[in-house]
>>> print(open('my_file_25.cif').read())   # mmCIF, C-alpha atoms
data_protein
loop_
_atom_site.group_PDB
_atom_site.id
_atom_site.type_symbol
_atom_site.label_atom_id
_atom_site.label_comp_id
_atom_site.auth_asym_id
_atom_site.auth_seq_id
_atom_site.Cartn_x
_atom_site.Cartn_y
_atom_site.Cartn_z
ATOM 1 C CA MET A 1291 0.000 0.000 0.000
ATOM 2 C CA ARG A 1292 1.146 3.514 -0.790
ATOM 3 C CA PRO A 1293 1.645 5.730 2.262
ATOM 4 C CA ARG A 1294 -0.954 8.452 2.716
ATOM 5 C CA SER A 1295 -0.036 12.113 2.221
ATOM 6 C CA GLY A 1296 -0.392 12.672 5.952
ATOM 7 C CA ALA A 1297 2.147 9.924 6.677
ATOM 8 C CA LEU A 1298 4.573 11.400 4.143
ATOM 9 C CA ARG A 1299 4.140 14.799 5.775
ATOM 10 C CA ASN A 1300 4.946 13.362 9.180
ATOM 11 C CA ILE A 1301 8.027 11.592 7.824
ATOM 12 C CA PHE A 1302 9.252 14.829 6.278
ATOM 13 C CA ARG A 1303 8.681 16.779 9.499
ATOM 14 C CA ARG A 1304 10.531 14.152 11.505
ATOM 15 C CA ASP A 1305 13.563 13.934 9.187
ATOM 16 C CA TRP A 1306 13.594 17.387 7.582
ATOM 17 C CA GLN A 1307 17.228 17.925 8.570
ATOM 18 C CA LEU A 1308 18.275 14.902 6.529
ATOM 19 C CA TYR A 1309 16.297 16.101 3.511
ATOM 20 C CA ALA A 1310 17.850 19.555 3.883
ATOM 21 C CA LEU A 1311 21.326 18.016 3.786
ATOM 22 C CA LEU A 1312 20.422 16.336 0.491
ATOM 23 C CA VAL A 1313 19.624 19.626 -1.213
ATOM 24 C CA ILE A 1314 23.243 20.658 -1.893
ATOM 25 C CA PRO A 1315 24.534 17.325 -3.348
ATOM 26 C CA LEU A 1316 21.301 16.893 -5.319
ATOM 27 C CA ALA A 1317 21.624 20.400 -6.748
ATOM 28 C CA PHE A 1318 25.267 19.707 -7.595
ATOM 29 C CA VAL A 1319 24.354 16.545 -9.518
ATOM 30 C CA LEU A 1320 21.519 18.252 -11.395
ATOM 31 C CA VAL A 1321 23.524 21.342 -12.325
ATOM 32 C CA PHE A 1322 26.907 19.796 -13.128
ATOM 33 C CA LYS A 1323 25.951 16.252 -14.220
ATOM 34 C CA TYR A 1324 22.548 16.355 -15.902
ATOM 35 C CA ALA A 1325 22.206 19.939 -17.126
ATOM 36 C CA PRO A 1326 25.337 19.718 -19.358
ATOM 37 C CA MET A 1327 23.765 16.730 -21.134
ATOM 38 C CA THR A 1328 21.620 19.203 -23.078
ATOM 39 C CA GLY A 1329 24.819 19.986 -24.965
ATOM 40 C CA LEU A 1330 24.638 16.546 -26.605
ATOM 41 C CA ILE A 1331 22.260 18.107 -29.093
ATOM 42 C CA ILE A 1332 25.389 19.518 -30.759
ATOM 43 C CA ALA A 1333 26.098 16.022 -32.116
ATOM 44 C CA PHE A 1334 22.965 16.266 -34.277
ATOM 45 C CA LYS A 1335 23.530 19.831 -35.487
ATOM 46 C CA ASN A 1336 25.972 21.731 -37.634
ATOM 47 C CA TYR A 1337 26.921 23.728 -34.577
ATOM 48 C CA LYS A 1338 28.023 27.335 -34.981
ATOM 49 C CA ILE A 1339 28.993 29.317 -31.898
ATOM 50 C CA SER A 1340 27.404 32.466 -33.311
ATOM 51 C CA ARG A 1341 24.043 30.692 -33.722
ATOM 52 C CA GLY A 1342 24.045 28.825 -30.408
ATOM 53 C CA PHE A 1343 22.584 25.446 -29.518
ATOM 54 C CA TRP A 1344 19.093 26.050 -30.817
ATOM 55 C CA GLY A 1345 19.895 28.297 -33.768
ATOM 56 C CA SER A 1346 22.346 25.923 -35.461
ATOM 57 C CA GLU A 1347 21.135 23.822 -38.391
ATOM 58 C CA TRP A 1348 19.732 20.379 -37.536
ATOM 59 C CA VAL A 1349 21.506 17.679 -39.592
ATOM 60 C CA GLY A 1350 20.407 14.483 -37.815
ATOM 61 C CA PHE A 1351 22.926 11.637 -38.094
ATOM 62 C CA ASP A 1352 25.034 13.264 -40.837
ATOM 63 C CA ILE A 1353 27.834 14.077 -38.380
ATOM 64 C CA PHE A 1354 28.039 10.415 -37.312
ATOM 65 C CA ARG A 1355 28.242 9.304 -40.952
ATOM 66 C CA GLN A 1356 31.084 11.747 -41.510
ATOM 67 C CA ILE A 1357 33.179 10.557 -38.571
ATOM 68 C CA PHE A 1358 32.632 6.864 -39.377
ATOM 69 C CA ASP A 1359 33.982 7.455 -42.904
ATOM 70 C CA LYS A 1360 37.197 9.085 -41.706
ATOM 71 C CA PRO A 1361 40.429 7.031 -41.580
ATOM 72 C CA ASP A 1362 41.358 8.735 -38.297
ATOM 73 C CA PHE A 1363 38.255 7.249 -36.658
ATOM 74 C CA THR A 1364 39.141 3.700 -37.753
ATOM 75 C CA ARG A 1365 42.661 4.015 -36.374
ATOM 76 C CA ALA A 1366 41.457 5.685 -33.156
ATOM 77 C CA PHE A 1367 38.834 2.985 -32.611
ATOM 78 C CA ARG A 1368 41.400 0.224 -33.169
ATOM 79 C CA ASN A 1369 43.966 1.799 -30.874
ATOM 80 C CA THR A 1370 41.443 2.517 -28.111
ATOM 81 C CA VAL A 1371 40.166 -1.056 -28.046
ATOM 82 C CA MET A 1372 43.655 -2.570 -28.336
ATOM 83 C CA LEU A 1373 45.286 -0.415 -25.636
ATOM 84 C CA ASN A 1374 42.447 -0.948 -23.190
ATOM 85 C CA LEU A 1375 42.237 -4.697 -23.763
ATOM 86 C CA LEU A 1376 45.992 -4.976 -23.183
ATOM 87 C CA ASP A 1377 45.573 -2.826 -20.080
ATOM 88 C CA LEU A 1378 42.797 -5.147 -18.944
ATOM 89 C CA LEU A 1379 45.093 -8.129 -19.456
ATOM 90 C CA PHE A 1380 48.065 -6.731 -17.526
ATOM 91 C CA SER A 1381 46.885 -3.886 -15.276
ATOM 92 C CA PHE A 1382 43.835 -5.831 -14.089
ATOM 93 C CA THR A 1383 45.536 -9.144 -13.366
ATOM 94 C CA MET A 1384 48.758 -7.825 -11.801
ATOM 95 C CA PRO A 1385 47.070 -6.438 -8.628
ATOM 96 C CA ILE A 1386 45.430 -9.834 -8.043
ATOM 97 C CA VAL A 1387 48.778 -11.621 -8.263
ATOM 98 C CA LEU A 1388 50.460 -8.989 -6.106
ATOM 99 C CA ALA A 1389 47.726 -9.135 -3.454
ATOM 100 C CA LEU A 1390 48.014 -12.927 -3.263
ATOM 101 C CA LEU A 1391 51.786 -12.694 -2.814
ATOM 102 C CA LEU A 1392 51.648 -9.895 -0.221
ATOM 103 C CA ASN A 1393 49.011 -11.810 1.711
ATOM 104 C CA GLU A 1394 51.553 -14.596 2.200
ATOM 105 C CA VAL A 1395 54.144 -12.220 3.690
ATOM 106 C CA LYS A 1396 54.239 -12.640 7.459
ATOM 107 C CA ASN A 1397 56.406 -9.599 8.248
ATOM 108 C CA ILE A 1398 53.795 -6.896 8.931
ATOM 109 C CA LYS A 1399 56.260 -3.981 8.704
ATOM 110 C CA PHE A 1400 57.626 -5.200 5.359
ATOM 111 C CA LYS A 1401 54.099 -5.639 4.030
ATOM 112 C CA ARG A 1402 53.029 -2.113 5.077
ATOM 113 C CA VAL A 1403 56.124 -0.506 3.551
ATOM 114 C CA ASN A 1404 55.494 -2.294 0.247
ATOM 115 C CA GLN A 1405 51.817 -1.343 0.246
ATOM 116 C CA THR A 1406 52.742 2.310 0.745
ATOM 117 C CA LEU A 1407 55.384 2.296 -1.984
ATOM 118 C CA LEU A 1408 53.031 0.570 -4.418
ATOM 119 C CA TYR A 1409 50.159 2.935 -3.646
ATOM 120 C CA LEU A 1410 52.091 6.228 -3.973
ATOM 121 C CA PRO A 1411 52.113 6.334 -7.838
ATOM 122 C CA HIS A 1412 48.302 6.391 -7.770
ATOM 123 C CA PHE A 1413 48.450 9.983 -6.483
ATOM 124 C CA LEU A 1414 50.740 11.249 -9.247
ATOM 125 C CA SER A 1415 49.194 12.975 -12.247
ATOM 126 C CA TRP A 1416 50.010 11.594 -15.676
ATOM 127 C CA ILE A 1417 51.806 14.826 -16.573
ATOM 128 C CA ILE A 1418 54.281 14.197 -13.757
ATOM 129 C CA ILE A 1419 54.568 10.509 -14.659
ATOM 130 C CA GLY A 1420 55.160 11.427 -18.310
ATOM 131 C CA ALA A 1421 57.938 13.850 -17.349
ATOM 132 C CA ILE A 1422 59.569 11.214 -15.136
ATOM 133 C CA ALA A 1423 59.265 8.620 -17.926
ATOM 134 C CA TYR A 1424 61.088 10.831 -20.434
ATOM 135 C CA GLN A 1425 63.787 11.646 -17.879
ATOM 136 C CA LEU A 1426 64.354 7.938 -17.243
ATOM 137 C CA LEU A 1427 63.621 6.353 -20.636
ATOM 138 C CA GLY A 1428 64.526 9.080 -23.125
ATOM 139 C CA GLN A 1429 66.744 7.767 -25.910
ATOM 140 C CA SER A 1430 69.259 10.626 -26.055
ATOM 141 C CA SER A 1431 69.647 11.587 -22.388
ATOM 142 C CA GLY A 1432 67.511 9.152 -20.353
ATOM 143 C CA VAL A 1433 69.056 7.776 -17.179
ATOM 144 C CA VAL A 1434 68.307 4.148 -18.115
ATOM 145 C CA ASN A 1435 69.871 4.513 -21.559
ATOM 146 C CA ASN A 1436 72.917 6.213 -20.062
ATOM 147 C CA VAL A 1437 73.412 3.206 -17.791
ATOM 148 C CA ILE A 1438 72.914 0.792 -20.713
ATOM 149 C CA GLU A 1439 75.456 2.676 -22.821
ATOM 150 C CA ASN A 1440 77.976 2.799 -19.952
ATOM 151 C CA GLN A 1441 77.676 -0.977 -19.683
ATOM 152 C CA GLY A 1442 78.546 -1.354 -23.370
ATOM 153 C CA GLY A 1443 75.011 -1.765 -24.736
ATOM 154 C CA ASN A 1444 73.065 0.153 -27.359
ATOM 155 C CA ARG A 1445 70.520 2.795 -26.494
ATOM 156 C CA VAL A 1446 66.926 1.522 -26.571
ATOM 157 C CA PRO A 1447 64.154 3.747 -28.041
ATOM 158 C CA PHE A 1448 61.715 3.068 -25.183
ATOM 159 C CA LEU A 1449 59.489 6.034 -26.089
ATOM 160 C CA GLN A 1450 60.762 6.888 -29.590
ATOM 161 C CA GLU A 1451 59.685 3.777 -31.517
ATOM 162 C CA ASP A 1452 56.137 2.455 -31.843
ATOM 163 C CA THR A 1453 56.580 -1.098 -30.534
ATOM 164 C CA HIS A 1454 58.857 -0.017 -27.692
ATOM 165 C CA TRP A 1455 56.440 2.817 -26.893
ATOM 166 C CA LEU A 1456 53.557 0.356 -26.618
ATOM 167 C CA ILE A 1457 55.489 -1.880 -24.213
ATOM 168 C CA SER A 1458 56.588 1.134 -22.132
ATOM 169 C CA TYR A 1459 53.016 2.459 -22.107
ATOM 170 C CA LEU A 1460 51.688 -0.810 -20.682
ATOM 171 C CA ALA A 1461 54.522 -1.187 -18.140
ATOM 172 C CA ILE A 1462 54.068 2.367 -16.848
ATOM 173 C CA GLY A 1463 50.313 1.804 -16.589
ATOM 174 C CA VAL A 1464 50.824 -1.350 -14.517
ATOM 175 C CA TRP A 1465 53.237 0.499 -12.214
ATOM 176 C CA GLN A 1466 50.820 3.406 -11.720
ATOM 177 C CA SER A 1467 47.637 1.422 -11.086
ATOM 178 C CA MET A 1468 48.652 -1.818 -9.380
ATOM 179 C CA GLY A 1469 48.862 -0.292 -5.887
ATOM 180 C CA TRP A 1470 45.214 0.797 -5.856
ATOM 181 C CA GLY A 1471 43.942 -2.585 -7.022
ATOM 182 C CA THR A 1472 46.217 -4.452 -4.629
ATOM 183 C CA ILE A 1473 44.769 -2.622 -1.622
ATOM 184 C CA ILE A 1474 41.210 -3.462 -2.711
ATOM 185 C CA TYR A 1475 42.030 -7.154 -3.104
ATOM 186 C CA LEU A 1476 43.943 -7.269 0.177
ATOM 187 C CA ALA A 1477 40.892 -5.811 1.912
ATOM 188 C CA ALA A 1478 38.747 -8.541 0.342
ATOM 189 C CA ILE A 1479 41.253 -11.223 1.367
ATOM 190 C CA SER A 1480 41.196 -9.984 4.964
ATOM 191 C CA GLY A 1481 37.528 -11.000 5.104
ATOM 192 C CA VAL A 1482 38.231 -14.654 4.315
ATOM 193 C CA ASN A 1483 37.460 -16.960 7.233
ATOM 194 C CA PRO A 1484 40.816 -18.054 8.826
ATOM 195 C CA GLU A 1485 39.279 -21.381 9.748
ATOM 196 C CA MET A 1486 39.273 -22.331 6.082
ATOM 197 C CA TYR A 1487 43.055 -21.943 5.940
ATOM 198 C CA GLU A 1488 43.456 -23.915 9.181
ATOM 199 C CA ALA A 1489 41.346 -26.745 7.784
ATOM 200 C CA ALA A 1490 43.378 -26.724 4.568
ATOM 201 C CA THR A 1491 46.619 -26.877 6.572
ATOM 202 C CA VAL A 1492 45.336 -29.902 8.476
ATOM 203 C CA ASP A 1493 44.543 -31.548 5.142
ATOM 204 C CA GLY A 1494 48.116 -30.978 4.031
ATOM 205 C CA ALA A 1495 47.517 -28.130 1.550
ATOM 206 C CA GLY A 1496 50.476 -25.873 0.721
ATOM 207 C CA ARG A 1497 50.499 -22.138 0.078
ATOM 208 C CA TRP A 1498 49.764 -22.368 -3.643
ATOM 209 C CA ARG A 1499 46.897 -24.794 -3.078
ATOM 210 C CA LYS A 1500 45.394 -22.467 -0.443
ATOM 211 C CA MET A 1501 45.619 -19.486 -2.774
ATOM 212 C CA TRP A 1502 44.029 -21.379 -5.652
ATOM 213 C CA ASN A 1503 41.291 -23.209 -3.750
ATOM 214 C CA ILE A 1504 40.484 -20.771 -0.919
ATOM 215 C CA THR A 1505 41.717 -17.210 -1.503
ATOM 216 C CA LEU A 1506 40.805 -16.786 -5.165
ATOM 217 C CA PRO A 1507 37.273 -18.267 -4.881
ATOM 218 C CA SER A 1508 36.653 -16.146 -1.775
ATOM 219 C CA ILE A 1509 37.441 -12.867 -3.562
ATOM 220 C CA ARG A 1510 35.779 -13.834 -6.843
ATOM 221 C CA ALA A 1511 32.872 -11.441 -6.261
ATOM 222 C CA THR A 1512 35.305 -8.533 -5.866
ATOM 223 C CA ILE A 1513 37.177 -9.576 -9.013
ATOM 224 C CA VAL A 1514 33.953 -9.744 -11.030
ATOM 225 C CA THR A 1515 32.782 -6.352 -9.749
ATOM 226 C CA LEU A 1516 36.040 -4.650 -10.693
ATOM 227 C CA LEU A 1517 36.059 -6.486 -14.013
ATOM 228 C CA ILE A 1518 32.635 -5.073 -14.847
ATOM 229 C CA MET A 1519 33.850 -1.574 -13.994
ATOM 230 C CA ASN A 1520 36.949 -2.003 -16.148
ATOM 231 C CA LEU A 1521 35.012 -3.430 -19.100
ATOM 232 C CA GLY A 1522 32.979 -0.227 -19.145
ATOM 233 C CA LYS A 1523 36.230 1.662 -19.729
ATOM 234 C CA VAL A 1524 37.325 -0.365 -22.756
ATOM 235 C CA MET A 1525 36.070 2.404 -25.053
ATOM 236 C CA GLU A 1526 37.238 5.261 -22.852
ATOM 237 C CA GLY A 1527 40.971 5.065 -22.636
ATOM 238 C CA SER A 1528 43.098 7.540 -20.744
ATOM 239 C CA PHE A 1529 43.547 10.844 -22.544
ATOM 240 C CA GLU A 1530 46.048 12.140 -19.969
ATOM 241 C CA ARG A 1531 48.152 8.981 -20.115
ATOM 242 C CA VAL A 1532 48.402 8.853 -23.920
ATOM 243 C CA PHE A 1533 48.869 12.604 -24.243
ATOM 244 C CA ALA A 1534 51.619 12.704 -21.594
ATOM 245 C CA LEU A 1535 53.604 9.865 -23.196
ATOM 246 C CA ALA A 1536 53.004 10.749 -26.859
ATOM 247 C CA ASN A 1537 55.570 12.355 -29.143
ATOM 248 C CA LYS A 1538 56.026 13.064 -32.852
ATOM 249 C CA ALA A 1539 58.225 10.004 -33.370
ATOM 250 C CA THR A 1540 55.504 7.544 -32.291
ATOM 251 C CA THR A 1541 52.159 8.071 -33.990
ATOM 252 C CA GLU A 1542 50.974 4.506 -34.642
ATOM 253 C CA TYR A 1543 49.238 3.925 -31.295
ATOM 254 C CA THR A 1544 48.821 7.445 -29.881
ATOM 255 C CA THR A 1545 45.655 8.310 -31.821
ATOM 256 C CA THR A 1546 42.789 7.144 -29.597
ATOM 257 C CA ILE A 1547 39.178 8.240 -29.347
ATOM 258 C CA PRO A 1548 39.731 10.661 -26.408
ATOM 259 C CA VAL A 1549 42.733 12.174 -28.216
ATOM 260 C CA LEU A 1550 40.676 12.497 -31.412
ATOM 261 C CA VAL A 1551 37.884 14.223 -29.482
ATOM 262 C CA TYR A 1552 40.466 16.708 -28.192
ATOM 263 C CA ARG A 1553 41.921 17.313 -31.653
ATOM 264 C CA TRP A 1554 38.569 17.790 -33.347
ATOM 265 C CA GLY A 1555 36.972 19.804 -30.573
ATOM 266 C CA ILE A 1556 39.663 21.891 -28.870
ATOM 267 C CA GLU A 1557 42.329 22.153 -31.572
ATOM 268 C CA SER A 1558 40.130 22.290 -34.697
ATOM 269 C CA GLY A 1559 36.972 23.822 -33.221
ATOM 270 C CA ASN A 1560 34.665 21.246 -34.826
ATOM 271 C CA PHE A 1561 32.446 20.812 -31.775
ATOM 272 C CA SER A 1562 29.725 18.836 -33.562
ATOM 273 C CA ARG A 1563 32.163 16.170 -34.710
ATOM 274 C CA ALA A 1564 33.877 15.974 -31.302
ATOM 275 C CA THR A 1565 30.540 15.716 -29.467
ATOM 276 C CA ALA A 1566 29.278 13.010 -31.822
ATOM 277 C CA LEU A 1567 32.453 10.971 -31.320
ATOM 278 C CA GLY A 1568 32.254 11.398 -27.545
ATOM 279 C CA LEU A 1569 28.588 10.348 -27.557
ATOM 280 C CA PHE A 1570 29.402 7.259 -29.620
ATOM 281 C CA GLN A 1571 32.146 6.375 -27.143
ATOM 282 C CA SER A 1572 29.804 6.763 -24.153
ATOM 283 C CA VAL A 1573 27.014 4.685 -25.715
ATOM 284 C CA ILE A 1574 29.399 1.814 -26.495
ATOM 285 C CA GLY A 1575 30.820 2.009 -22.966
ATOM 286 C CA LEU A 1576 27.328 1.868 -21.458
ATOM 287 C CA ALA A 1577 26.450 -1.121 -23.621
ATOM 288 C CA LEU A 1578 29.601 -2.939 -22.482
ATOM 289 C CA VAL A 1579 28.800 -2.278 -18.812
ATOM 290 C CA LEU A 1580 25.236 -3.568 -19.191
ATOM 291 C CA LEU A 1581 26.413 -6.625 -21.147
ATOM 292 C CA SER A 1582 29.141 -7.522 -18.640
ATOM 293 C CA ASP A 1583 26.742 -6.974 -15.736
ATOM 294 C CA ARG A 1584 24.206 -9.319 -17.333
ATOM 295 C CA ILE A 1585 26.874 -11.960 -17.941
ATOM 296 C CA ALA A 1586 28.035 -11.649 -14.309
ATOM 297 C CA LYS A 1587 24.478 -12.081 -13.031
ATOM 298 C CA LYS A 1588 24.011 -15.089 -15.295
ATOM 299 C CA LEU A 1589 27.176 -16.659 -13.918
ATOM 300 C CA GLY A 1590 25.963 -15.906 -10.417
ATOM 301 C CA GLU A 1591 22.690 -17.687 -11.065
ATOM 302 C CA ASP A 1592 24.666 -20.712 -12.207
ATOM 303 C CA GLY A 1593 26.599 -20.698 -8.942
ATOM 304 C CA LEU A 1594 29.954 -19.653 -10.397
ATOM 305 C CA ILE A 1595 30.279 -16.519 -8.276
#
>>> encode(input="my_file_25.cif", output="structure tokens")
Amino acid sequence: MRPRSGALRNIFRRDWQLYALLVIPLAFVLVFKYAPMTGLIIAFKNYKISRGFWGSEWVGFDIFRQIFDKPDFTRAFRNTVMLNLLDLLFSFTMPIVLALLLNEVKNIKFKRVNQTLLYLPHFLSWIIIGAIAYQLLGQSSGVVNNVIENQGGNRVPFLQEDTHWLISYLAIGVWQSMGWGTIIYLAAISGVNPEMYEAATVDGAGRWRKMWNITLPSIRATIVTLLIMNLGKVMEGSFERVFALANKATTEYTTTIPVLVYRWGIESGNFSRATALGLFQSVIGLALVLLSDRIAKKLGEDGLI
């Protein structure tokens, strides 16, 4: 039964302070999250700043047809999917492995020091990380290449050649993100019932057997949840990360959808094209989240999670 208006009035009078506290965050969401969505209309118009949102000519899906026919879009789409799938393979799995290994460390002080050192890169902006990367890995004056040359080796183009750039991009991404994921998985592992490990020890199970048969199944729900969140980012990519590590010598993998949105919108001033590309990216990302969530629920119904 629906509550009567009098009951709703009494509830509001009783908890009016709580409702008052909701006004500011609700207003923030409406003004800064939902109100800007009206700008998506630009994707369906030949937008001119002088004419405004409503005065610009309506062109329907013509802008989308234009961007899909451009070679830059094909390359950006390929690079975005490839870079994010590789990130999913390495940056998503490494924290799980690291959390399992750190969980086996018995020295509490050593474990805390490692957690802190691993977590610190998460707070660095990609501009700072990019500057550090070029100082360390630069081909002409990088510290690492100076050491390699002093040892009699040849300088390696870590960031000045496409294949080497791709490997460096993935390695730097793993280094920057693995601390955050490790802490989440360690928190999930801390909730595992210790009696399960004691029973496994009595049965003669070793460390690897405990990790495989107890720890991993116990944190499977956390892994699936984070996997769903990461699958939604397959079409997003990291603009800051690519932009901070890009250079004129490596152009094969540095054109991604976020970078293309920046070039078309900010650099070229074609706001309709940039908005249409951004909208396409968001729709695909939403579809991936919904699909992965449905698959996860299906697996849960089958008793796999």
>>> resolve_selection(input="my_file_25.cif", expression="the PyMOL selection byres ((chain A and resi 1520) around 12)", output="PyMOL selection string")
chain A and resi 1374-1379+1381-1383+1471+1513-1519+1521-1527+1575-1576+1578-1579+1582-1583
>>> closest_atom_pairs(input="my_file_25.cif", of="stretch 1312-1372 of chain A", to="stretch 1530-1546 of chain A", cutoff="6 Å", atoms="all atoms listed in the file", output="JSON lines")
{"residue": "A:Ala1366", "atom": "CA", "partner": "A:Thr1546", "partner_atom": "CA", "distance": 4.1}
{"residue": "A:Asn1369", "atom": "CA", "partner": "A:Thr1546", "partner_atom": "CA", "distance": 5.6}
{"residue": "A:Thr1370", "atom": "CA", "partner": "A:Thr1546", "partner_atom": "CA", "distance": 5.0}
>>> residues_around(input="my_file_25.cif", residues="A:Ser1508", least_positions_apart="5", cutoff="12 Å", atoms="only C-alpha atoms", output="list in words")
Leu1390, Tyr1475, Leu1476, Ala1477, Ala1478, Ile1479, Ser1480, Gly1481, Val1482, Asn1483, Pro1484, Met1486, Tyr1487, Lys1500, Met1501, Trp1502, Asn1503, Ile1513, Val1514, Leu1594 and Ile1595 of chain A
>>> resolve_selection(input="my_file_25.cif", expression="the PyMOL selection byres ((chain A and resi 1551-1563) around 12)", output="PyMOL selection string")
chain A and resi 1329-1339+1342-1343+1346-1358+1360+1362-1363+1366-1367+1526-1527+1529-1530+1532-1533+1545-1550+1564-1571
>>> closest_residue(input="my_file_25.cif", among="A:Val1573, A:Val1446, A:Ile1585, A:Met1384", to="A:Leu1408", atoms="all atoms listed in the file")
A:Met1384
>>> closest_residue(input="my_file_25.cif", among="A:Ile1301, A:Ala1317, A:Arg1584, A:Leu1449", to="A:Ile1462", atoms="all atoms listed in the file")
A:Leu1449
>>> atom_distance(input="my_file_25.cif", atom1="atom CA of A:Ser1415", atom2="atom CA of A:Val1387")
24.9 Å
>>> resolve_selection(input="my_file_25.cif", expression="the PyMOL selection byres ((chain A and resi 1469) around 9)", output="list of chain:residue names")
A:Pro1385, A:Leu1388, A:Gln1405, A:Thr1406, A:Leu1407, A:Leu1408, A:Tyr1409, A:Leu1410, A:Pro1411, A:His1412, A:Val1464, A:Trp1465, A:Gln1466, A:Ser1467, A:Met1468, A:Trp1470, A:Gly1471, A:Thr1472, A:Ile1473, A:Ile1474
>>> atom_distance(input="my_file_25.cif", atom1="atom CA of A:Ile1457", atom2="atom CA of A:Asn1393")
28.5 Å
>>> residues_around(input="my_file_25.cif", residues="A:Gly1432", least_positions_apart="6", cutoff="12 Å", atoms="all atoms listed in the file", output="PyMOL selection string")
chain A and resi 1421-1426+1438-1439+1445-1450
>>> axis_aligned_box(input="my_file_25.cif", around="stretch 1333-1347 of chain A", padding_each_side="4 Å", output="lines of an AutoDock Vina configuration file")
center_x = 24.0
center_y = 24.2
center_z = -34.0
size_x = 17.9
size_y = 24.4
size_z = 16.9
>>> atom_distance(input="my_file_25.cif", atom1="atom CA of A:Lys1588", atom2="atom CA of A:Thr1505")
22.5 Å
>>> closest_residue(input="my_file_25.cif", among="A:Phe1322, A:Arg1341, A:Ala1389, A:Glu1488", to="A:Leu1506", atoms="all atoms listed in the file")
A:Ala1389
